[in-house]
Amino acid sequence: MLSYELIPLSENALVIKFGEQITPNIHQRVRQVATYFTEHHVEGIIEVVPAYTTVTVYYDPVQFAKNTNRKSDIEVLPFEGICTVLKNILSSLESANTPQGNEVVIPVCYGGEFGPDLEEVARKNQLTPEEVIDIHTNGHYLVYMIGFAPGFAYLGGMSEKIATPRKNSPRLHIPAGSVGIAGMQTGVYPIESPGGWQLIGRTPLQLFRPHHPQPSLLQTGDRVRFQAITREEYKQLQEENNGDSRYS
């Protein structure tokens with residue numbers, strides 16, 4: 001059983017905190033709580049936002065201003081009311097199973113115009129570009145959360161052998177699909193945006209599809225692998241994806 005804290009955030013929000021470190025066990029607990037609120041309507045709960053080690057809960061203070069057992073009209077602080085409800089829910093989830101995420105393979109064309117910082121990442125880690133690619137594609141990554149930009153997945157599991165600081169001066173325009181490294185993190189820019197990550201490659205897949213029933217290709221709990229492809233394979237997949245409504 002993982003311990004937790006209930007921390008007030010504002011007059012209509014609190015944070016369920018499961019720890020300080022980013023670990024698979026804490027991530028599993030975060031997903032378990034978030035999944036519960038996705039599948040169950042709880043009166044007075046407006047929204048839940050999962051993160052690395054926390055779940056933020058937004059609620060209607062009026063709804064929780066009365067005694068939660070409904071046996072009296074004694075008013076309590078909304079924070080006390082929501083805490084009572086959440087403690088009961090968290091207790092009931094101890095034996096619940098969390099659905100497994102999907103396995104997603106992301107094809108990447110490394111280096112060249114698609115990965116202008118690949119050589120810098122290699123140089124900083126005293127590796128060859130080929131070794132960086134080999135380490136990156138042999139990693140098994142877990143999607144801890146989605147944020148920053150629509151469809152942007154925060155991945156855990158990158159080898160420290162290729163860890164590289166962000167660029168001193170961020171780029172103003174990074175193409176969608178760019179695969180980057182920042183510190184101990186790796187990820188894919190789902191849309192064109194500014195950014196300071198070291199770019200090592202690009203995928204032809206569209207990670208954010210605004211008209212798709214599931215706009216974000218990656219979901220919290222998914223497991224990701226990167227697969228190296230040639231420039232010709234990149235162009236072919238790009239043409240296929242552009243012609244397939246599932247990717248647009």
# chains A, B, ... in the order shown; residues from 1 in each chain; ligands from 1
call {"tool": "residues_around", "arguments": {"residues": "Val224 (chain A)", "least_positions_apart": "5", "cutoff": "10 Å", "atoms": "only C-alpha atoms", "output": "number ranges by chain"}}
result
A: 101-106, 137, 139-143, 155-157, 218
call {"tool": "write_last_selection", "arguments": {"atoms": "C-alpha atoms", "output": "PDB file, in the first residue's frame"}}
result
ATOM      1  CA  GLY A 101      -1.276   0.555 -21.650  1.00  0.00           C
ATOM      2  CA  ASN A 102      -0.614  -0.028 -25.330  1.00  0.00           C
ATOM      3  CA  GLU A 103       2.731  -0.940 -26.860  1.00  0.00           C
ATOM      4  CA  VAL A 104       3.598   1.762 -29.395  1.00  0.00           C
ATOM      5  CA  VAL A 105       6.512   1.648 -31.841  1.00  0.00           C
ATOM      6  CA  ILE A 106       7.586   5.058 -33.159  1.00  0.00           C
ATOM      7  CA  THR A 137      16.269   2.565 -29.928  1.00  0.00           C
ATOM      8  CA  GLY A 139      15.322   1.769 -24.570  1.00  0.00           C
ATOM      9  CA  HIS A 140      11.888   0.826 -23.230  1.00  0.00           C
ATOM     10  CA  TYR A 141       9.966   3.964 -22.328  1.00  0.00           C
ATOM     11  CA  LEU A 142       6.909   4.534 -20.162  1.00  0.00           C
ATOM     12  CA  VAL A 143       4.451   7.390 -20.784  1.00  0.00           C
ATOM     13  CA  LEU A 155       8.620   9.471 -21.176  1.00  0.00           C
ATOM     14  CA  GLY A 156      10.626   7.741 -18.489  1.00  0.00           C
ATOM     15  CA  GLY A 157      13.325   5.134 -18.986  1.00  0.00           C
ATOM     16  CA  LEU A 218       0.117   8.235 -26.890  1.00  0.00           C
TER      17      LEU A 218
END
call {"tool": "residues_around", "arguments": {"residues": "Val121 (chain A)", "least_positions_apart": "4", "cutoff": "12 Å", "atoms": "only C-alpha atoms", "output": "number ranges by chain"}}
result
A: 111, 115-117, 125-133, 135-136, 160-167, 180-183, 197-201
call {"tool": "closest_residue", "arguments": {"among": "A:Pro24, A:Tyr59, A:Glu239, A:Gln32", "to": "Pro8 (chain A)", "atoms": "only C-alpha atoms"}}
result
A:Tyr59
call {"tool": "residues_around", "arguments": {"residues": "region 47-49 of chain A", "least_positions_apart": "6", "cutoff": "10 Å", "atoms": "only C-alpha atoms", "output": "ChimeraX atom specification"}}
result
/A:13-15,30,33-35,37-38,55-60,145-146
call {"tool": "residues_around", "arguments": {"residues": "Thr23 (chain A)", "least_positions_apart": "5", "cutoff": "9 Å", "atoms": "only C-alpha atoms", "output": "ChimeraX atom specification"}}
result
/A:28,52-53,156
call {"tool": "select_by_dssp", "arguments": {"residues": "region 15-101 of chain A", "states": "strand (DSSP E)", "output": "PyMOL selection string"}}
result
chain A and resi 15-17+45-50+54-59
call {"tool": "write_last_selection", "arguments": {"atoms": "C-alpha atoms", "output": "CSV table (one decimal), in the first residue's frame"}}
result
chain,number,residue,atom,x,y,z
A,15,VAL,CA,-3.5,17.5,-4.6
A,16,ILE,CA,-3.2,13.8,-3.9
A,17,LYS,CA,0.5,13.3,-3.5
A,45,ILE,CA,-15.8,16.3,-8.7
A,46,ILE,CA,-15.2,18.6,-11.7
A,47,GLU,CA,-11.9,17.4,-13.1
A,48,VAL,CA,-8.8,15.3,-12.2
A,49,VAL,CA,-5.3,16.0,-13.6
A,50,PRO,CA,-2.7,13.2,-13.2
A,54,THR,CA,0.3,13.5,-8.0
A,55,VAL,CA,-3.3,13.8,-9.0
A,56,THR,CA,-4.9,17.2,-8.7
A,57,VAL,CA,-8.6,17.1,-8.0
A,58,TYR,CA,-10.9,20.1,-8.8
A,59,TYR,CA,-14.2,20.1,-7.0
